[in-house]
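Following: one structure in structure tokens, then a few remarks.
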Amino acid sequence: MKKNLLMWDESIFKDMEVFEFDFVPGQFDFRGTQEQELAFQIQPALRGGRPMNTICRGLPGTGKTTSIRKLFAEIEEHTKKIFPVHINCQIDNTKFAIFSQIFRRLSGHLPPGSGTSFKQVFDGVCQLLAKEDTVLLVCLDDANYLTYEREINNVLYTLLRAHEAYPGIKIGVITVISDMSVDLMQMIDARVVSVFQPTDIYFPPYDEDEIKEILLQRVKEGFYPGVINDEMLALITEHTLKGGDLRVGIDLLKRAGLNAEKDARRSVERDDICRAYEVSKYLHLTATVHALRPEERALLYLIAERSHEENEMAAGKVHEAVKASSMKLGYTRFYEMVTKFDSMRLINLHYREGRGRTRLITLRYDPDRVIEEIDRC
Ligand SMILES: Nc1ncnc2c1ncn2[C@@H]1O[C@H](COP(=O)(O)OP(=O)(O)O)[C@@H](O)[C@H]1O
Ligand SMILES: [Mg+2]
């Protein structure tokens, strides 16, 4: 066999798990401020009080979930005074489902099956908290999924006023919002605002140097030395910036590595990355399309269809097409949605040079691929 070719039982991966999205990295830089602020929020609970409530805001892939997972792991390791529960609101998006999860974590088993009322689950949670004499810290991750039916009000109200039914009980909430167009405080009823009073923690997007540094750490943790050189890392960083989310870069590392292995090579080459990007570049698209509401998907669908004919389209013209379709959208709502697509990096919204102030919409992805993703929802 030629030198440098891999034997069957050899791998260029030192640890494959490093490239999973829920992997908590050994080194977690650039989020020190946010981590400190989060720790500060829970301080009162360590001294017998109620934790302060928090809203973490930032685009997908800015380290929100990881920061919270790290904090929760630390709490679990060091104290029994706080009981942290992480809820993924993409999966558990009703009050009943959320409280069932909390019950499961506290008791070690799910509440009895069908026929269990919400009140029984709620009472179960409060009784366990009282018995364990612990403060409950709930993270509602990607809580923008709870805003559709305004379920967020029900959930927050029940959590934050539980002490009225069960005096002595202490519950704090960390709410995570990845949709920058969602103004949570505007959606919340007055009855919830008075007990919520959250502190905002903002997670800004990483810049190019930060992305490169984070990916370099991942390379060191996940690959054997010499698998990815500086030039290849720069190429992956470039693609990550284009892809709009750090997850693209992490996925690229894994796929490019697998491509190299398939060819029994010991290092990643340009072509491995380019082929990997054809798959990885849609990660952000898939995740964001799934997070849209039905009417937003319908508008994106229309934009994708029009993109077949014109790459750049005037916003006014698109709205006319919307009006002519079965969608009933006023211009204000239409424009809100388009701005949201822009902030989610699904489209580019820009002014036409020179001629007046016409706003132009350009889809950032291949229209057929967008249509395919929407059809799959
Ligand atoms: N500062 C960082 N250092 C190392 N890895 C990071 C950092 N920030 C994010 N990541 C990685 O990027 C991916 C997305 O991070 P995540 O915390 O899930 O983002 P969010 O919850 O904001 O969408 C995860 O795989 C995570 O490990
Ligand atoms: Mg997250």
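Identifiers for the structure tokens are assigned positionally: chains receive A, B, ... in sequence, residues are indexed from 1 per chain, and ligands are indexed from 1 in the order shown.
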
Notebook entry, point to check: Given a cut-off of 9 Å, what residues near ligand 1 show up using only C-alpha atoms and all ligand atoms, put as JSON, numbers by chain?
Noted result: {"A": [18, 19, 20, 21, 22, 23, 24, 25, 26, 27, 28, 29, 30, 31, 32, 56, 57, 58, 59, 60, 61, 62, 63, 64, 65, 66, 67, 68, 69, 141, 142, 176, 177, 178, 203, 206, 210, 211, 213, 214, 215, 217, 218, 245, 246, 247, 248, 249, 250, 251]}

Item checked: Spatial neighbours of Glu309 of chain A, 12 Å, only C-alpha atoms, chain gap at least 5 places, as a VMD selection string -> chain A and resid 302 to 304 362 to 363 367

Checklist line | Selection near Lys170 of chain A, 7 Å with only C-alpha atoms, sequence-local residues under 4 positions removed, as a list of chain:residue names | finding: A:Arg50, A:Val135, A:Leu136, A:His163

Note to self: What's around segment 149-155 of chain A at 7 Å? Count only C-alpha atoms, leave out sequence neighbours fewer than 3 positions away in its own chain, and write the answer as a PyMOL selection string.
What the structure shows: chain A and resi 94-95+146+158-159+188-189+192

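The list of residues with at least one atom within 6 Å of segment 343-359 of chain A, based on only C-alpha atoms and without residues fewer than 5 positions apart in the same chain, reads Ala314, Ala315 and Arg364 of chain A.
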
Since we have the selection now, will you write its residues out, keeping C-alpha atoms, as a PDB file, in the first residue's frame?
```pdb
ATOM      1  CA  ALA A 314     -38.298  45.076  -6.202  1.00  0.00           C
ATOM      2  CA  ALA A 315     -40.040  44.679  -2.832  1.00  0.00           C
ATOM      3  CA  ARG A 364     -29.469  33.865  -0.772  1.00  0.00           C
TER       4      ARG A 364
END
```

Margin query: Among segment 75-171 of chain A, which residues does DSSP mark as strand (DSSP E or B) when it is run on the backbone? Keep the chain and numbering as in the structure and answer as a ChimeraX atom specification.
Written below: /A:82-88,135-141,171

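Comparing A:His86, A:His109, A:Arg265, A:Arg47 by their smallest distance to ligand 2, the closest is A:His86 (using only C-alpha atoms and all ligand atoms).
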
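Taking only C-alpha atoms, the non-local environment of segment 288-290 of chain A within 7 Å (same-chain residues fewer than 2 positions away omitted) comprises His284, Leu285, Thr286, Leu292, Glu373, Ile374 and Cys377 of chain A.
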
Could you save the residues just selected, with all heavy atoms, as an mmCIF file, in the first residue's frame?
```
data_model
loop_
_atom_site.group_PDB
_atom_site.id
_atom_site.type_symbol
_atom_site.label_atom_id
_atom_site.label_comp_id
_atom_site.auth_asym_id
_atom_site.auth_seq_id
_atom_site.Cartn_x
_atom_site.Cartn_y
_atom_site.Cartn_z
ATOM 1 N N HIS A 284 -28.112 25.767 7.571
ATOM 2 C CA HIS A 284 -28.735 26.988 8.066
ATOM 3 C C HIS A 284 -30.123 27.155 7.446
ATOM 4 O O HIS A 284 -31.090 27.475 8.127
ATOM 5 C CB HIS A 284 -27.831 28.170 7.721
ATOM 6 C CG HIS A 284 -28.345 29.464 8.229
ATOM 7 N ND1 HIS A 284 -28.385 29.764 9.567
ATOM 8 C CD2 HIS A 284 -28.871 30.537 7.592
ATOM 9 C CE1 HIS A 284 -28.901 30.965 9.724
ATOM 10 N NE2 HIS A 284 -29.208 31.458 8.552
ATOM 11 N N LEU A 285 -30.199 26.878 6.149
ATOM 12 C CA LEU A 285 -31.479 26.999 5.440
ATOM 13 C C LEU A 285 -32.519 26.066 6.062
ATOM 14 O O LEU A 285 -33.627 26.481 6.391
ATOM 15 C CB LEU A 285 -31.277 26.668 3.954
ATOM 16 C CG LEU A 285 -32.558 26.625 3.123
ATOM 17 C CD1 LEU A 285 -33.184 28.004 3.004
ATOM 18 C CD2 LEU A 285 -32.290 26.063 1.730
ATOM 19 N N THR A 286 -32.164 24.807 6.235
ATOM 20 C CA THR A 286 -33.110 23.829 6.787
ATOM 21 C C THR A 286 -33.601 24.285 8.161
ATOM 22 O O THR A 286 -34.802 24.306 8.415
ATOM 23 C CB THR A 286 -32.420 22.444 6.933
ATOM 24 O OG1 THR A 286 -31.789 22.148 5.700
ATOM 25 C CG2 THR A 286 -33.412 21.358 7.272
ATOM 26 N N LEU A 292 -39.832 28.903 10.651
ATOM 27 C CA LEU A 292 -40.778 29.925 10.175
ATOM 28 C C LEU A 292 -42.221 29.525 10.453
ATOM 29 O O LEU A 292 -42.550 28.351 10.561
ATOM 30 C CB LEU A 292 -40.617 30.136 8.665
ATOM 31 C CG LEU A 292 -39.291 30.718 8.181
ATOM 32 C CD1 LEU A 292 -39.292 30.774 6.648
ATOM 33 C CD2 LEU A 292 -39.057 32.106 8.749
ATOM 34 N N GLU A 373 -37.078 22.552 0.601
ATOM 35 C CA GLU A 373 -37.081 22.598 2.066
ATOM 36 C C GLU A 373 -38.468 22.939 2.607
ATOM 37 O O GLU A 373 -38.924 22.379 3.600
ATOM 38 C CB GLU A 373 -36.073 23.625 2.598
ATOM 39 C CG GLU A 373 -34.623 23.293 2.359
ATOM 40 C CD GLU A 373 -34.132 22.093 3.176
ATOM 41 O OE1 GLU A 373 -34.825 21.661 4.110
ATOM 42 O OE2 GLU A 373 -33.045 21.589 2.851
ATOM 43 N N ILE A 374 -39.148 23.893 1.946
ATOM 44 C CA ILE A 374 -40.475 24.297 2.425
ATOM 45 C C ILE A 374 -41.448 23.135 2.256
ATOM 46 O O ILE A 374 -42.250 22.848 3.144
ATOM 47 C CB ILE A 374 -40.982 25.554 1.671
ATOM 48 C CG1 ILE A 374 -40.052 26.741 1.972
ATOM 49 C CG2 ILE A 374 -42.424 25.887 2.073
ATOM 50 C CD1 ILE A 374 -40.340 27.994 1.179
ATOM 51 N N CYS A 377 -41.522 20.672 5.100
ATOM 52 C CA CYS A 377 -41.983 21.049 6.442
ATOM 53 C C CYS A 377 -43.393 20.505 6.722
ATOM 54 O O CYS A 377 -44.195 20.376 5.855
ATOM 55 C CB CYS A 377 -42.016 22.563 6.591
ATOM 56 S SG CYS A 377 -40.392 23.282 6.641
#
```

Next item on the list: Give the answer as one residue: which of A:Val125, A:Ile273, A:Val219, A:Ile361 has the shortest atom-to-atom distance to Asp15 of chain A, using only C-alpha atoms?
Entry: A:Val219

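Distances here use only C-alpha atoms and all ligand atoms; by that measure, the residue among A:Leu38, A:Val121, A:Leu140, A:Ile228 closest to ligand 2 is A:Leu140.
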
Margin query: I want to know what sits within 8 Å of Ala276 of chain A, based on only C-alpha atoms, with residues of the same chain fewer than 6 positions away left out; could you give that as a ChimeraX atom specification?
Written below: /A:252,255-256,259

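Nearest residue to ligand 2, choosing from A:Cys139, A:Val182, A:Ile42, A:Ile98 and counting only C-alpha atoms and all ligand atoms: A:Cys139.
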
Item checked: helix (DSSP H, G or I) call set, DSSP backbone run, segment 104-212 of chain A, as number ranges by chain -> A: 104-107, 118-132, 143-146, 151-160, 162-165, 184-187, 190-196, 208-212

Item checked: Point-to-point distance from atom CA of Gln36 of chain A to atom CA of Gly48 of chain A, Å rounded to tenths -> 19.9 Å

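Residue nearest ligand 2, chosen from A:Val268, A:Val138, A:Leu241, A:Ala287 and counting only C-alpha atoms and all ligand atoms: A:Ala287.
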